[in-house]
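I have placed the structure first, in the form of structure tokens, so that the comments after it can refer back to it.
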Amino acid sequence: MKKFQSALLIHHRLHGKLIISSKIPVKGKKILSLIYTPGVAEAVIEIAKNKDSIYDLTIKNNTIAVVTDGSAVLGLGNVGPEAALPVMEGKCAIFAEFADINAFPICLKTQNVDEIIQTIKNISPVFGGINLEDIAAPACFEIEERLQKELDIPVMHDDQHATAIVVLAGLINSAKVVNKDLKKCKVVITGAGAAGNAIAKLLNFYGVENIILVDSKGIIGSLRKDLDDYKKKLLPITNKDNLSGDLKTATNLGDILIGVSQKGIFTREIIKSLNHKAIVFALANPDPEVTFSDAKKWGVSVYACGRSDYPNQINNALVFPGFFRGLLKGKITKITNHMKVNAAQSLASLIKNPTPNNFIPSIFDNRLVPCIVKSLLK
């Protein structure tokens, strides 16, 4: 972590990465009387008569909340709401910089599902959307599902869905590189938390037929008696051969290995058990399941990780700015799997001739946000 010591210095110097500023200079009594009392009463009356006018008269039309309970921050675990704030600030800065969205960090001092849901519902009048962030599984699933049913604004846990969209985009192009049919590939996913769960579901919806999920206790299958309700829901779409056993059993002759788990678990033996022309996405943060150099040394054809210091960074920041910009622009309240697949295909299409070292665009590609917005507004 010493490599990034300068990051701490930046945070010390800035005292926070965000500011709130006024769109209009308040430089006299006349303007003051228009934006505050007595003139502001006209806007109050209008919204009271027609609640939808809040989108025309306030910040709601372009403002989202980035909400966490601090229970699953990066790869650092349950560090709490205070320690989560720098991450939420960073995410809000990305929303502002890349999609011109006002995003505000909300770090809740509770990890009670009902309290989190009620708090978000109570603050929802201000926001045009809710981005759930760094909330541990399985609580994140229930929180998102209930809020999507109970609110009339879009709610997305981007650790699940933005990650799944980027992974699908990367796999669409990676499969082209190795000349394989993605839908016919054997895909093994390690880690059955928020990201692993969502990746499996989206790949299945896309048409991938052979998906195996592995958690810390082994392959997820019908013979397991320790599965929670959310893992049980994956049984109909994964492990079609009803395998049981460890990661090595799962990866035997696998075409694609996706890690959303922990550092270093993709050993030489695991990598060597994969099929010819293997694709490996090692997405554990901050350190991947296998390094770029080891993966290449052991015969992997296409490699990606979550780090910016290697080619092909698979990061949800490629998706969430454009996705929320599209949701806000289209006044979309419910997110569908079709939208996610459209976003993934649009993202993949930005790389016309994918290669092992270039199959996913950079976050700094100025085509990124517009292409995802367009995909949502189809």
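Lettering and numbering for the structure tokens are positional, with chains as A, B, ... in the shown order, residues counted from 1 in each chain, and ligands counted from 1 in the shown order.
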
### For Pro154 (chain A): contacts at 10 Å, only C-alpha atoms, fewer than 4 positions along chain excluded, given as a PyMOL selection string
chain A and resi 64+127-131+147-149+324+327-328+331-335

### Message
Considering only alpha helix (DSSP H) as DSSP defines it on the backbone, what residues of region 20-180 of chain A qualify? List them as a PyMOL selection string.
### Response
chain A and resi 29-35+40-49+54-57+81-99+113-123+139-150+161-177

### Task
If you run DSSP over the backbone, which residues in region 95-309 of chain A end up strand (DSSP E)? Put them as JSON, numbers by chain.
{"A": [102, 103, 104, 105, 106, 107, 129, 130, 131, 132, 155, 156, 157, 186, 187, 188, 189, 190, 210, 211, 212, 213, 214, 215, 218, 219, 256, 257, 258, 259, 279, 280, 281, 282, 302, 303, 304, 305]}

### Query
In Å, how far is it from CA of Ala344 (chain A) to CA of Gly322 (chain A)?
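One can read the CA of Ala344 (chain A) to CA of Gly322 (chain A) distance as 11.6 Å.
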
Give me, as a tab-separated table, each residue of region 217-280 of chain A that comes within 12 Å of region 68-85 of chain A, together with its shortest interatomic pair and the distance in Å at one decimal, counting only C-alpha atoms, with rows ordered by chain and rising residue number.
residue	atom	partner	partner_atom	distance
A:Val260	CA	A:Gly75	CA	9.9
A:Ser261	CA	A:Gly75	CA	8.9
A:Gln262	CA	A:Gly75	CA	8.1
A:Lys263	CA	A:Gly75	CA	9.4

Any chance you could export the current selection's N, CA and C atoms as a CSV table (one decimal), in the first residue's frame?
chain,number,residue,atom,x,y,z
A,260,VAL,N,-14.1,-13.1,-8.0
A,260,VAL,CA,-14.6,-11.9,-7.2
A,260,VAL,C,-14.5,-12.4,-5.8
A,261,SER,N,-13.3,-12.8,-5.4
A,261,SER,CA,-13.1,-13.5,-4.1
A,261,SER,C,-12.0,-13.0,-3.3
A,262,GLN,N,-10.8,-13.6,-3.4
A,262,GLN,CA,-9.7,-13.2,-2.5
A,262,GLN,C,-8.3,-13.4,-3.2
A,263,LYS,N,-7.4,-12.6,-2.7
A,263,LYS,CA,-6.0,-12.6,-3.3
A,263,LYS,C,-5.4,-14.0,-3.3

Each residue of region 103-220 of chain A with at least one atom at most 10 Å from region 276-284 of chain A should appear once, together with its nearest atom pair and the corresponding distance in Å (one decimal); atoms considered: only C-alpha atoms; ordering: chain, then increasing residue number; output as a tab-separated table.
residue	atom	partner	partner_atom	distance
A:Thr163	CA	A:Leu283	CA	9.7
A:Val167	CA	A:Phe281	CA	8.2
A:Gly170	CA	A:Phe281	CA	9.0
A:Leu171	CA	A:Ile279	CA	8.3
A:Ser174	CA	A:Ile279	CA	7.1
A:Ala175	CA	A:Ile279	CA	8.1
A:Val177	CA	A:Lys277	CA	9.4
A:Val178	CA	A:Lys277	CA	6.1
A:Asn179	CA	A:Lys277	CA	9.0
A:Lys180	CA	A:Lys277	CA	9.0
A:Val187	CA	A:Ile279	CA	9.4
A:Val188	CA	A:Val280	CA	9.7
A:Ile189	CA	A:Phe281	CA	9.4
A:Thr190	CA	A:Ala282	CA	9.5
A:Gly191	CA	A:Ala284	CA	9.5
A:Ala195	CA	A:Leu283	CA	9.9

### Task
Mind giving me the straight-line distance from CA of Pro361 (chain A) to CA of Glu289 (chain A) in Å, one decimal?
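Interatomic distance here is 22.2 Å.
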
### Query
Of the candidates A:Ala43, A:Val214, A:Ile123, A:Glu89, which shows the shortest atom-to-atom distance to Leu227 (chain A), using only C-alpha atoms?
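Closest candidate: A:Val214.
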
### Message
Counting only C-alpha atoms, which residue out of A:Ala162, A:Leu168, A:Ala136, A:Ile153 sits closest to Ala194 (chain A)?
### Response
A:Ala136
